[in-house]
Structures are given as C-alpha cells and as structure tokens.
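Take a look at the structure set out below.
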Amino acid sequence: MKFSFYTLGCKTNQYETQAMEQLFLQKGHEIGTFDEPCDGYIINTCSVTAVADKKNRAVIRRCRKENPNAVIGVCGCYPQHDPDAIRRLNADVLGGSGNREEFVELMLRSAKDKECLEKLDKALSRREFEVLPAGGLEGRTRAMLKVQDGCVNFCTYCIIPYTRGPVRSAPLPLLIGQAKELDKKGYREIILTGIEIASWGVDLPGKPPMSQMVTGICSAVPQMRIRLGSLEPRVITEEFCEELAKHPNLCPQFHLSMQSGSDTVLSRMKRRYDTARYYESVSLLRRYFTDCAITTDMIVAFPGETEEEFAESLAFIQKCAFSDMHIFPYSRRPGTPADKMPGQHDNETKEHRSRQAIAVAEKMNLAYRRQQVGSVQQVLFEETENGFDVGHTPNYLKVYVPAQGRHNKVFPVRITDIHKDGLLGQID
C-alpha cells in the first residue's frame, strides 16, 4: 500500500513524520506525495496557536474531499488537545503526539479492514522517551535527531506542555548509535531537535548537562555537521560555550528563544529570564564563536503590551543584532492563561506591530549577509533551483552557485554578492 504525509509545525513533528515514513517502508509499503493517489493520508498536526488549529482543519477537510475512499489519519498535538474536533472532521484514524509505532499499525489496520480506530493517552502521564528510527527518505542531505520530548516551562501563552507532557530525554548511547547510523547512510548534517532541548538530561541519572550530550554526538561523528535546535537562553553559560567551542563540526548558528525584549512582558509570559540574562547569552556566544549567527522568535502584541513595551522590544532586538528572526503576532490559544488576560489587542494593532518588527528584522538580516561578502564559506549543497546549486553555510546562510550537480557535497565557496534570500558565490 502507499501512504503519504502532510506535516505542520515544528522540526520535532518533521522528525516524527520521517520516523513514521521509515516504519511504513520497513513494513514493505510505499511513501507517496500528498497530491497523488494513495491508500492512506496522514496529517501530522501542530496546535501551538488557534491559527495552527485552523490550518489543521483546512488540510483535513481538503484531504477528505479530494480522497473520499482513502484512509485519513490525524496525529500530533491537535488531536491530543482536542480529539472531538478531529472526530467531527470524519478522520478514520485518530492518534496523539505519542505512540507513533502504534499509530502506524492503526493506519494499516484501517486501510485493510475499513474501520475507524483511535488511540490516545494522557500526555502529562508520560515518563518514557519513545525510540523511533532516525533519518528520512533517500536523497536528503540533512537529518533530524530527536534528543528529547516534552516541556515543563508552562509559559502563559503555550499549550505544548499539555499536549507533549513532561521532559523525557533520550539516553546518550542511543543518540550516539543513531548518529553513527545516519553517518553510514550518507547524511552530511544532523540537526538536534526536541520540544525543549536545553532540558535534555534533567530526567536522566545524575542529571547530565546538555553540553555532555552535544559533545558526545560531535565526537562520535566528527566528519558530520551538528546543528542545534532552539535553545533556552539560560543554558548558555561560560562552561557551556567553553565545552562546545572545542568541536569544529558544531555549526555556529544558535537559535535563542526570546519572545519579547521587554522585561515586563517576559514576566507576564512567565519566561524564566530577563533581557539582561538574555543579552549575557548573546555576548557569550559571540565571544566563543566568531561571526556566529544568532536567530530568535518574537511575539508582538502580547496581551497588555503597551507602546512603550513594544518600543523596548524593538530597541532590544537591534541591540542583539540578530541575523534572522521569526516574528509572530500573538494568537490566542484557548486553554492557556494568556487567553484570559486583559488587554487583548485587535488585528490592526497586531499587524502594525508585526510590520514594524519585520522591517527591523529584515534590515538586520541584510546587514549580516553583507558582512559575509568576500569570505570563503564551506557550503553543503542540498538541491538545484533555477540553474543554481543551493546549499547552506555552517551559520545557515543560503548560498547560490551556478549548477554543476553538487548535491550532498561540501565545497569551499567565495561569497561574491547578496542574492535573493541568501548569497551568491563561486567555488573557491
């Protein structure tokens, strides 16, 4: 039988989709694309905001309309949070954000017997890390490696601790073994991902620090690039930087979760740092990793955010000089404390502040790219696009070079100019 996937949301969802693809292949089935005839279609959902839920519903409805006789399965955070919504959309198989192997079995049973099946657990009761196969379909140059799951931060705007449960860390020997397997399969880069990877180790014997995990993986596959997923800024310490700077294969790109550059807004969000601590992390990274890329997320128009607080955020992001940013207007998420906070902003305010923040972010991104002109960068080429081989530098800048079939190879490239959303270069 043939199955296909539609994945919404974070890199952890992408990892888990790739793992389920591997499980289907191991059982002798095919993986197709979402726009071709298949026996089953799987929508792996995100539920981080109400807007994400709306996208989930639109994909499910369209899939059912276009494939009335196929088996449609829905898994991920949305059914974990609101299973009744999925039932109303007439999905055949309903799963949550865990038990992926069991979900694959339910899909196969449903496709064979034409029955509706579902299996959900209580996310907050989870205590074991679910081991899944790492790596995706052939031809991919970069693989994701899930190092942990769950989060216990309970930020006031976020539903994810309720849909993913508490922190569960993958044991380091397991991760090292999976990294070596990815190396054997020909991948050139590994992205360490999870729901909150800075919390890796807090549930393991001896509570090893995250840096120990990163060191173990970097040392196990020294010829592969290792890239970190999103980091909580408090994990960035002098000791952390000293340890990680020893590994030349660690990519000097760090995504530091921020959300706001105003201390009073951060307090209402229940973030566990202030701007002074955040800037300390930025400064440490730049001291230990020359010309590193520091990226972040920012929520604008959070409930009660004043013009003065928003101005503080704009000033702070310019002080940090991020190389790239994701800007999100606050989206109400029923079931979270922020949904009931006073001072909810209208769409006009959200859009206006988003445009202002995006303009600042784009200016910083352009400045960072201009700094790279004239440098020589090691570029891992991943695809060919409109006559160019396209790849990324270690600090995750997109580079375009006239095409010569360099897929999954690393070449030194001299950066000659700004180009589209990245840089133009020539093989050095």
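Ordering of the structure tokens sets the chain letters (A, B, ...); residue numbers start at 1 within each chain; ligands are numbered from 1 in the order shown.
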*Excluding same-chain residues fewer than 4 positions from range 59-69 of chain A, what lies within 12 Å of it counting only C-alpha atoms, as an MDAnalysis selection string?*
chainID A and resid 4:8 34:46 52:55 73:75 78:79 85:94 110:111 114
Can you write just those residues out, C-alpha atoms, as a short mmCIF file (atom, residue, chain, number, x, y, z; two decimals), in the first residue's frame?
data_model
loop_
_atom_site.label_atom_id
_atom_site.label_comp_id
_atom_site.auth_asym_id
_atom_site.auth_seq_id
_atom_site.Cartn_x
_atom_site.Cartn_y
_atom_site.Cartn_z
CA SER A 4 1.69 9.99 2.25
CA PHE A 5 2.15 12.71 4.86
CA TYR A 6 1.31 16.36 5.40
CA THR A 7 3.30 17.83 8.27
CA LEU A 8 2.54 21.07 10.10
CA PHE A 34 0.19 14.19 -0.67
CA ASP A 35 -1.12 15.22 -4.10
CA GLU A 36 -1.12 11.77 -5.69
CA PRO A 37 -3.48 8.79 -5.25
CA CYS A 38 -2.62 6.87 -2.08
CA ASP A 39 -4.26 4.26 0.12
CA GLY A 40 -3.80 6.44 3.19
CA TYR A 41 -3.05 10.05 4.04
CA ILE A 42 -1.60 11.18 7.37
CA ILE A 43 -1.83 14.74 8.68
CA ASN A 44 0.70 15.34 11.46
CA THR A 45 -0.70 18.40 13.19
CA CYS A 46 0.50 21.36 15.22
CA ALA A 52 -2.45 26.44 13.66
CA ASP A 53 -5.68 24.60 14.54
CA LYS A 54 -7.46 26.41 11.71
CA LYS A 55 -4.76 25.27 9.27
CA GLY A 73 -5.27 9.55 9.78
CA VAL A 74 -4.63 12.53 12.04
CA CYS A 75 -1.95 12.62 14.72
CA TYR A 78 -4.14 18.94 17.79
CA PRO A 79 -5.95 15.62 18.43
CA ALA A 85 -12.60 18.40 16.73
CA ILE A 86 -10.94 15.60 14.75
CA ARG A 87 -13.87 13.27 15.22
CA ARG A 88 -16.17 15.92 13.77
CA LEU A 89 -13.99 16.05 10.66
CA ASN A 90 -14.56 12.35 9.91
CA ALA A 91 -10.98 11.16 10.17
CA ASP A 92 -10.62 7.37 10.07
CA VAL A 93 -7.67 7.07 12.44
CA LEU A 94 -7.00 9.34 15.38
CA SER A 110 -7.84 0.75 9.00
CA ALA A 111 -6.64 0.57 5.39
CA LYS A 114 -12.00 -0.19 6.57
#
Could you produce a table of the residues of range 172-260 of chain A lying within 8 Å of range 393-411 of chain A, with the nearest pair of atoms per residue and their separation in Å rounded to one decimal, using only C-alpha atoms, ordered by chain and increasing residue number, as a Markdown table?
| residue | atom | partner | partner_atom | distance |
| --- | --- | --- | --- | --- |
| A:Tyr187 | CA | A:Asn408 | CA | 7.7 |
| A:Arg188 | CA | A:Asn408 | CA | 7.0 |
| A:Arg225 | CA | A:Pro394 | CA | 7.8 |
| A:Cys251 | CA | A:Pro394 | CA | 5.0 |
| A:Pro252 | CA | A:Asn395 | CA | 5.2 |
| A:Gln253 | CA | A:Asn395 | CA | 4.7 |
_I'd like the contact shell of Leu423 in chain A - 12 Å cut-off, only C-alpha atoms, skipping same-chain residues fewer than 3 positions apart - returned as number ranges by chain._
A: 365-366, 368-377, 379, 388-393, 396-401, 413-420, 426
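Remark: for Ala367 in chain A, the closest of the candidate residues A:Ala321, A:Glu16, A:Thr384, A:Phe316 is A:Ala321 (distances computed over only C-alpha atoms).
Residues lying within 9 Å of range 127-129 of chain A, counting only C-alpha atoms and ignoring same-chain neighbours fewer than 4 positions away, are A:Gln148, A:Asp149, A:Gly165, A:Pro166, A:Val167, A:Arg168, A:Ser169, A:Ala170, A:Pro171.
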Emit the selected residues as a CSV table (one decimal), in the first residue's frame, including N, CA, C and O atoms.
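Produced file part.csv, reproduced below:
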chain,number,residue,atom,x,y,z
A,148,GLN,N,15.1,14.8,22.8
A,148,GLN,CA,14.2,14.8,24.0
A,148,GLN,C,12.8,15.1,23.5
A,148,GLN,O,12.6,15.6,22.4
A,149,ASP,N,11.9,15.0,24.4
A,149,ASP,CA,10.5,15.3,24.2
A,149,ASP,C,9.9,16.0,25.5
A,149,ASP,O,10.5,15.8,26.6
A,165,GLY,N,3.5,16.6,27.3
A,165,GLY,CA,3.8,16.0,28.6
A,165,GLY,C,5.2,16.5,29.1
A,165,GLY,O,5.8,17.4,28.6
A,166,PRO,N,5.7,15.8,30.2
A,166,PRO,CA,6.9,16.3,30.9
A,166,PRO,C,8.1,15.9,30.1
A,166,PRO,O,8.0,15.2,29.1
A,167,VAL,N,9.3,16.3,30.5
A,167,VAL,CA,10.5,16.1,29.8
A,167,VAL,C,10.9,14.6,29.9
A,167,VAL,O,10.9,14.0,30.9
A,168,ARG,N,11.2,14.1,28.7
A,168,ARG,CA,11.8,12.7,28.6
A,168,ARG,C,13.0,12.8,27.7
A,168,ARG,O,12.9,13.2,26.5
A,169,SER,N,14.2,12.4,28.2
A,169,SER,CA,15.4,12.5,27.4
A,169,SER,C,15.8,11.2,26.8
A,169,SER,O,15.7,10.1,27.5
A,170,ALA,N,16.4,11.2,25.6
A,170,ALA,CA,17.0,10.0,25.0
A,170,ALA,C,18.3,9.8,25.7
A,170,ALA,O,19.2,10.7,25.8
A,171,PRO,N,18.6,8.5,26.1
A,171,PRO,CA,20.0,8.2,26.6
A,171,PRO,C,21.0,8.5,25.6
A,171,PRO,O,20.9,8.3,24.4
*Pick out the residues sitting within 12 Å of range 175-185 of chain A, and hand them over as a PyMOL selection string; count only C-alpha atoms, and ignore anything fewer than 3 positions along from it in its own chain.*
chain A and resi 129+131-148+169-172+188-193+200+212-226+408
Can you spit out the residues from that selection as a short mmCIF file (atom, residue, chain, number, x, y, z; two decimals), in the first residue's frame, using N, CA and C atoms?
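Output below, filename again_29.cif:
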data_model
loop_
_atom_site.label_atom_id
_atom_site.label_comp_id
_atom_site.auth_asym_id
_atom_site.auth_seq_id
_atom_site.Cartn_x
_atom_site.Cartn_y
_atom_site.Cartn_z
N PHE A 129 10.89 7.95 27.04
CA PHE A 129 11.21 8.50 25.73
C PHE A 129 10.90 7.45 24.68
N VAL A 131 11.47 5.66 21.41
CA VAL A 131 12.57 5.47 20.47
C VAL A 131 12.00 5.22 19.08
N LEU A 132 12.41 6.05 18.13
CA LEU A 132 11.96 5.94 16.75
C LEU A 132 13.17 5.94 15.82
N PRO A 133 13.02 5.39 14.61
CA PRO A 133 14.16 5.39 13.68
C PRO A 133 14.48 6.80 13.22
N ALA A 134 15.77 7.11 13.14
CA ALA A 134 16.21 8.43 12.68
C ALA A 134 16.46 8.39 11.18
N GLY A 135 16.36 9.55 10.54
CA GLY A 135 16.62 9.63 9.11
C GLY A 135 15.33 9.59 8.31
N GLY A 136 15.41 10.09 7.09
CA GLY A 136 14.23 10.14 6.24
C GLY A 136 14.42 9.41 4.94
N LEU A 137 13.76 9.89 3.89
CA LEU A 137 13.83 9.25 2.59
C LEU A 137 15.18 9.51 1.93
N GLU A 138 15.51 8.67 0.94
CA GLU A 138 16.78 8.81 0.24
C GLU A 138 16.87 10.17 -0.45
N GLY A 139 18.09 10.66 -0.58
CA GLY A 139 18.30 11.91 -1.28
C GLY A 139 18.39 13.12 -0.38
N ARG A 140 18.08 12.95 0.89
CA ARG A 140 18.16 14.09 1.80
C ARG A 140 19.58 14.23 2.33
N THR A 141 20.00 15.45 2.49
CA THR A 141 21.37 15.71 2.93
C THR A 141 21.47 15.92 4.44
N ARG A 142 20.38 16.40 5.04
CA ARG A 142 20.37 16.71 6.46
C ARG A 142 19.32 15.87 7.15
N ALA A 143 19.67 15.37 8.32
CA ALA A 143 18.74 14.55 9.10
C ALA A 143 18.50 15.19 10.44
N MET A 144 17.29 15.01 10.95
CA MET A 144 16.99 15.47 12.30
C MET A 144 17.14 14.30 13.28
N LEU A 145 17.62 14.61 14.45
CA LEU A 145 17.78 13.61 15.51
C LEU A 145 17.09 14.13 16.76
N LYS A 146 16.03 13.47 17.15
CA LYS A 146 15.26 13.91 18.31
C LYS A 146 15.96 13.46 19.59
N VAL A 147 16.34 14.44 20.43
CA VAL A 147 17.11 14.12 21.64
C VAL A 147 16.25 14.12 22.89
N GLN A 148 15.10 14.77 22.84
CA GLN A 148 14.21 14.78 23.99
C GLN A 148 12.80 15.14 23.55
N SER A 169 14.16 12.39 28.17
CA SER A 169 15.41 12.52 27.42
C SER A 169 15.83 11.18 26.83
N ALA A 170 16.40 11.23 25.64
CA ALA A 170 16.97 10.03 25.03
C ALA A 170 18.34 9.77 25.65
N PRO A 171 18.63 8.54 26.07
CA PRO A 171 19.95 8.23 26.63
C PRO A 171 21.05 8.51 25.61
N LEU A 172 22.18 9.00 26.07
CA LEU A 172 23.26 9.38 25.16
C LEU A 172 23.75 8.21 24.31
N ARG A 188 25.06 14.39 5.69
CA ARG A 188 26.22 15.23 5.96
C ARG A 188 26.01 16.15 7.15
N GLU A 189 24.76 16.26 7.62
CA GLU A 189 24.46 17.16 8.73
C GLU A 189 23.34 16.58 9.58
N ILE A 190 23.45 16.77 10.88
CA ILE A 190 22.41 16.36 11.83
C ILE A 190 21.93 17.58 12.58
N ILE A 191 20.61 17.72 12.65
CA ILE A 191 20.00 18.79 13.46
C ILE A 191 19.45 18.15 14.73
N LEU A 192 19.94 18.58 15.87
CA LEU A 192 19.46 18.06 17.15
C LEU A 192 18.17 18.78 17.50
N THR A 193 17.08 18.02 17.61
CA THR A 193 15.78 18.65 17.79
C THR A 193 15.06 18.03 18.98
N TRP A 200 17.42 18.64 28.07
CA TRP A 200 17.93 17.27 27.97
C TRP A 200 18.73 16.92 29.22
N GLN A 212 27.05 17.84 27.61
CA GLN A 212 27.60 16.49 27.56
C GLN A 212 27.02 15.72 26.38
N MET A 213 25.73 15.90 26.14
CA MET A 213 25.08 15.24 25.01
C MET A 213 25.64 15.75 23.69
N VAL A 214 25.77 17.07 23.56
CA VAL A 214 26.28 17.64 22.31
C VAL A 214 27.71 17.19 22.07
N THR A 215 28.53 17.20 23.11
CA THR A 215 29.91 16.75 22.99
C THR A 215 29.98 15.29 22.54
N GLY A 216 29.13 14.45 23.13
CA GLY A 216 29.13 13.04 22.77
C GLY A 216 28.82 12.81 21.31
N ILE A 217 27.84 13.53 20.79
CA ILE A 217 27.45 13.36 19.39
C ILE A 217 28.50 13.96 18.46
N CYS A 218 28.99 15.16 18.77
CA CYS A 218 30.02 15.78 17.93
C CYS A 218 31.26 14.89 17.84
N SER A 219 31.64 14.29 18.94
CA SER A 219 32.84 13.44 18.97
C SER A 219 32.62 12.12 18.24
N ALA A 220 31.38 11.62 18.27
CA ALA A 220 31.08 10.32 17.65
C ALA A 220 31.10 10.39 16.13
N VAL A 221 30.71 11.55 15.57
CA VAL A 221 30.67 11.70 14.11
C VAL A 221 31.38 13.00 13.72
N PRO A 222 32.70 13.05 13.90
CA PRO A 222 33.43 14.31 13.71
C PRO A 222 33.39 14.85 12.28
N GLN A 223 33.09 13.99 11.30
CA GLN A 223 33.05 14.42 9.91
C GLN A 223 31.68 14.98 9.51
N MET A 224 30.70 14.91 10.40
CA MET A 224 29.37 15.44 10.12
C MET A 224 29.17 16.79 10.80
N ARG A 225 28.38 17.65 10.15
CA ARG A 225 27.97 18.88 10.81
C ARG A 225 26.90 18.55 11.86
N ILE A 226 27.01 19.20 13.01
CA ILE A 226 25.98 19.08 14.05
C ILE A 226 25.40 20.47 14.27
N ASN A 408 24.62 17.05 -1.99
CA ASN A 408 25.15 16.33 -0.83
C ASN A 408 26.68 16.37 -0.75
#
*Which of these residues is nearest to Ser313 in chain A, using only C-alpha atoms: A:Ser260, A:Thr275, A:Ser211, A:Ser354?*
A:Ser260
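Across the structure, CA of Glu21 in chain A and CA of Leu108 in chain A are spaced 12.8 Å apart.
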All alpha helix (DSSP H) positions in range 266-342 of chain A, as a PDB file with N, CA, C and O atoms, in the first residue's frame:
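Ended up saving to part-v2.pdb:
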ATOM      1  N   LEU A 266       7.997  39.798  29.373  1.00  0.00           N
ATOM      2  CA  LEU A 266       8.574  38.481  29.678  1.00  0.00           C
ATOM      3  C   LEU A 266       8.021  37.942  30.992  1.00  0.00           C
ATOM      4  O   LEU A 266       7.760  36.740  31.127  1.00  0.00           O
ATOM      5  N   SER A 267       7.823  38.816  31.968  1.00  0.00           N
ATOM      6  CA  SER A 267       7.266  38.397  33.250  1.00  0.00           C
ATOM      7  C   SER A 267       5.833  37.892  33.080  1.00  0.00           C
ATOM      8  O   SER A 267       5.456  36.865  33.663  1.00  0.00           O
ATOM      9  N   ARG A 268       5.025  38.595  32.289  1.00  0.00           N
ATOM     10  CA  ARG A 268       3.644  38.145  32.063  1.00  0.00           C
ATOM     11  C   ARG A 268       3.600  36.836  31.269  1.00  0.00           C
ATOM     12  O   ARG A 268       2.678  36.050  31.424  1.00  0.00           O
ATOM     13  N   MET A 269       4.600  36.641  30.450  1.00  0.00           N
ATOM     14  CA  MET A 269       4.693  35.386  29.700  1.00  0.00           C
ATOM     15  C   MET A 269       5.180  34.222  30.572  1.00  0.00           C
ATOM     16  O   MET A 269       5.113  33.070  30.164  1.00  0.00           O
ATOM     17  N   THR A 275      15.863  40.402  30.102  1.00  0.00           N
ATOM     18  CA  THR A 275      16.667  40.814  28.954  1.00  0.00           C
ATOM     19  C   THR A 275      18.165  40.862  29.292  1.00  0.00           C
ATOM     20  O   THR A 275      19.002  40.601  28.415  1.00  0.00           O
ATOM     21  N   ALA A 276      18.495  41.152  30.540  1.00  0.00           N
ATOM     22  CA  ALA A 276      19.908  41.184  30.923  1.00  0.00           C
ATOM     23  C   ALA A 276      20.525  39.793  30.790  1.00  0.00           C
ATOM     24  O   ALA A 276      21.635  39.638  30.251  1.00  0.00           O
ATOM     25  N   ARG A 277      19.809  38.775  31.272  1.00  0.00           N
ATOM     26  CA  ARG A 277      20.316  37.402  31.162  1.00  0.00           C
ATOM     27  C   ARG A 277      20.361  36.962  29.701  1.00  0.00           C
ATOM     28  O   ARG A 277      21.295  36.262  29.275  1.00  0.00           O
ATOM     29  N   TYR A 278      19.364  37.371  28.942  1.00  0.00           N
ATOM     30  CA  TYR A 278      19.346  37.006  27.533  1.00  0.00           C
ATOM     31  C   TYR A 278      20.555  37.614  26.818  1.00  0.00           C
ATOM     32  O   TYR A 278      21.253  36.924  26.057  1.00  0.00           O
ATOM     33  N   TYR A 279      20.807  38.892  27.062  1.00  0.00           N
ATOM     34  CA  TYR A 279      21.922  39.548  26.377  1.00  0.00           C
ATOM     35  C   TYR A 279      23.265  38.960  26.821  1.00  0.00           C
ATOM     36  O   TYR A 279      24.208  38.906  26.023  1.00  0.00           O
ATOM     37  N   GLU A 280      23.336  38.502  28.041  1.00  0.00           N
ATOM     38  CA  GLU A 280      24.546  37.814  28.501  1.00  0.00           C
ATOM     39  C   GLU A 280      24.800  36.576  27.643  1.00  0.00           C
ATOM     40  O   GLU A 280      25.950  36.286  27.266  1.00  0.00           O
ATOM     41  N   SER A 281      23.742  35.841  27.315  1.00  0.00           N
ATOM     42  CA  SER A 281      23.883  34.653  26.468  1.00  0.00           C
ATOM     43  C   SER A 281      24.366  35.034  25.076  1.00  0.00           C
ATOM     44  O   SER A 281      25.240  34.377  24.497  1.00  0.00           O
ATOM     45  N   VAL A 282      23.782  36.077  24.502  1.00  0.00           N
ATOM     46  CA  VAL A 282      24.194  36.554  23.184  1.00  0.00           C
ATOM     47  C   VAL A 282      25.680  36.925  23.193  1.00  0.00           C
ATOM     48  O   VAL A 282      26.446  36.555  22.291  1.00  0.00           O
ATOM     49  N   SER A 283      26.110  37.646  24.215  1.00  0.00           N
ATOM     50  CA  SER A 283      27.502  38.102  24.303  1.00  0.00           C
ATOM     51  C   SER A 283      28.463  36.924  24.450  1.00  0.00           C
ATOM     52  O   SER A 283      29.543  36.916  23.837  1.00  0.00           O
ATOM     53  N   LEU A 284      28.091  35.938  25.259  1.00  0.00           N
ATOM     54  CA  LEU A 284      28.940  34.757  25.435  1.00  0.00           C
ATOM     55  C   LEU A 284      29.113  34.010  24.118  1.00  0.00           C
ATOM     56  O   LEU A 284      30.228  33.602  23.759  1.00  0.00           O
ATOM     57  N   LEU A 285      28.041  33.821  23.391  1.00  0.00           N
ATOM     58  CA  LEU A 285      28.127  33.098  22.122  1.00  0.00           C
ATOM     59  C   LEU A 285      29.035  33.824  21.137  1.00  0.00           C
ATOM     60  O   LEU A 285      29.862  33.205  20.461  1.00  0.00           O
ATOM     61  N   ARG A 286      28.921  35.130  21.088  1.00  0.00           N
ATOM     62  CA  ARG A 286      29.748  35.885  20.137  1.00  0.00           C
ATOM     63  C   ARG A 286      31.222  35.902  20.555  1.00  0.00           C
ATOM     64  O   ARG A 286      32.112  36.011  19.718  1.00  0.00           O
ATOM     65  N   ARG A 287      31.468  35.772  21.848  1.00  0.00           N
ATOM     66  CA  ARG A 287      32.856  35.740  22.301  1.00  0.00           C
ATOM     67  C   ARG A 287      33.532  34.424  21.924  1.00  0.00           C
ATOM     68  O   ARG A 287      34.710  34.395  21.563  1.00  0.00           O
ATOM     69  N   TYR A 288      32.783  33.323  21.996  1.00  0.00           N
ATOM     70  CA  TYR A 288      33.366  31.999  21.771  1.00  0.00           C
ATOM     71  C   TYR A 288      33.228  31.504  20.329  1.00  0.00           C
ATOM     72  O   TYR A 288      33.990  30.630  19.910  1.00  0.00           O
ATOM     73  N   GLU A 307       2.640  50.452  24.032  1.00  0.00           N
ATOM     74  CA  GLU A 307       3.535  51.002  23.009  1.00  0.00           C
ATOM     75  C   GLU A 307       4.956  51.119  23.542  1.00  0.00           C
ATOM     76  O   GLU A 307       5.931  50.903  22.821  1.00  0.00           O
ATOM     77  N   GLU A 308       5.067  51.485  24.825  1.00  0.00           N
ATOM     78  CA  GLU A 308       6.394  51.609  25.434  1.00  0.00           C
ATOM     79  C   GLU A 308       7.094  50.244  25.511  1.00  0.00           C
ATOM     80  O   GLU A 308       8.305  50.143  25.230  1.00  0.00           O
ATOM     81  N   GLU A 309       6.355  49.223  25.886  1.00  0.00           N
ATOM     82  CA  GLU A 309       6.945  47.879  25.961  1.00  0.00           C
ATOM     83  C   GLU A 309       7.347  47.387  24.572  1.00  0.00           C
ATOM     84  O   GLU A 309       8.396  46.750  24.404  1.00  0.00           O
ATOM     85  N   PHE A 310       6.522  47.655  23.577  1.00  0.00           N
ATOM     86  CA  PHE A 310       6.866  47.259  22.212  1.00  0.00           C
ATOM     87  C   PHE A 310       8.112  48.002  21.742  1.00  0.00           C
ATOM     88  O   PHE A 310       8.999  47.410  21.104  1.00  0.00           O
ATOM     89  N   ALA A 311       8.215  49.277  22.072  1.00  0.00           N
ATOM     90  CA  ALA A 311       9.404  50.054  21.713  1.00  0.00           C
ATOM     91  C   ALA A 311      10.651  49.470  22.391  1.00  0.00           C
ATOM     92  O   ALA A 311      11.741  49.436  21.799  1.00  0.00           O
ATOM     93  N   GLU A 312      10.514  49.033  23.645  1.00  0.00           N
ATOM     94  CA  GLU A 312      11.629  48.379  24.333  1.00  0.00           C
ATOM     95  C   GLU A 312      12.079  47.131  23.564  1.00  0.00           C
ATOM     96  O   GLU A 312      13.281  46.870  23.422  1.00  0.00           O
ATOM     97  N   SER A 313      11.102  46.352  23.068  1.00  0.00           N
ATOM     98  CA  SER A 313      11.432  45.140  22.308  1.00  0.00           C
ATOM     99  C   SER A 313      12.185  45.476  21.029  1.00  0.00           C
ATOM    100  O   SER A 313      13.181  44.819  20.677  1.00  0.00           O
ATOM    101  N   LEU A 314      11.712  46.499  20.313  1.00  0.00           N
ATOM    102  CA  LEU A 314      12.387  46.880  19.076  1.00  0.00           C
ATOM    103  C   LEU A 314      13.829  47.335  19.349  1.00  0.00           C
ATOM    104  O   LEU A 314      14.753  46.993  18.605  1.00  0.00           O
ATOM    105  N   ALA A 315      14.019  48.096  20.412  1.00  0.00           N
ATOM    106  CA  ALA A 315      15.358  48.554  20.761  1.00  0.00           C
ATOM    107  C   ALA A 315      16.252  47.371  21.150  1.00  0.00           C
ATOM    108  O   ALA A 315      17.441  47.323  20.803  1.00  0.00           O
ATOM    109  N   PHE A 316      15.662  46.420  21.854  1.00  0.00           N
ATOM    110  CA  PHE A 316      16.457  45.275  22.320  1.00  0.00           C
ATOM    111  C   PHE A 316      16.902  44.376  21.170  1.00  0.00           C
ATOM    112  O   PHE A 316      18.044  43.915  21.149  1.00  0.00           O
ATOM    113  N   ILE A 317      16.026  44.131  20.208  1.00  0.00           N
ATOM    114  CA  ILE A 317      16.438  43.258  19.110  1.00  0.00           C
ATOM    115  C   ILE A 317      17.542  43.920  18.278  1.00  0.00           C
ATOM    116  O   ILE A 317      18.429  43.234  17.758  1.00  0.00           O
ATOM    117  N   GLN A 318      17.512  45.233  18.184  1.00  0.00           N
ATOM    118  CA  GLN A 318      18.588  45.922  17.466  1.00  0.00           C
ATOM    119  C   GLN A 318      19.893  45.844  18.246  1.00  0.00           C
ATOM    120  O   GLN A 318      20.977  45.716  17.662  1.00  0.00           O
ATOM    121  N   LYS A 319      19.809  45.891  19.559  1.00  0.00           N
ATOM    122  CA  LYS A 319      20.997  45.727  20.395  1.00  0.00           C
ATOM    123  C   LYS A 319      21.604  44.337  20.201  1.00  0.00           C
ATOM    124  O   LYS A 319      22.830  44.184  20.129  1.00  0.00           O
ATOM    125  N   CYS A 320      20.748  43.324  20.074  1.00  0.00           N
ATOM    126  CA  CYS A 320      21.221  41.949  19.903  1.00  0.00           C
ATOM    127  C   CYS A 320      21.739  41.694  18.485  1.00  0.00           C
ATOM    128  O   CYS A 320      22.536  40.778  18.277  1.00  0.00           O
TER     129      CYS A 320
END
*Could you pull out the strand (DSSP E or B) residues of range 242-285 of chain A from DSSP and send them as a PyMOL selection string?*
chain A and resi 250+253-256+259
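Comparing the minimum interatomic distances between Val48 in chain A and each of A:His326, A:Arg333, A:Lys207, A:Lys363, counting only C-alpha atoms, we find that A:Arg333 sits nearest.
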*Polymer residues at most 7 Å from Arg164 in chain A, only C-alpha atoms, same-chain spacing of 2 or more positions, as number ranges by chain*: A: 97, 123, 150, 160-162, 166
*Rank nothing, just name the residue among A:Val51, A:Cys292, A:Met298, A:Cys151 nearest to Ala361 in chain A, using only C-alpha atoms.*
A:Met298
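Here CA of Phe322 in chain A and CA of Thr295 in chain A stand 5.4 Å from one another.
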*Mind giving me the straight-line distance from CA of Gln344 in chain A to CA of Gly304 in chain A in Å, one decimal?*
6.4 Å
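Of the listed residues A:Phe24, A:Phe302, A:Tyr15, A:Phe289, the one whose atoms come nearest to Pro248 in chain A is A:Phe289, with distances taken using only C-alpha atoms.
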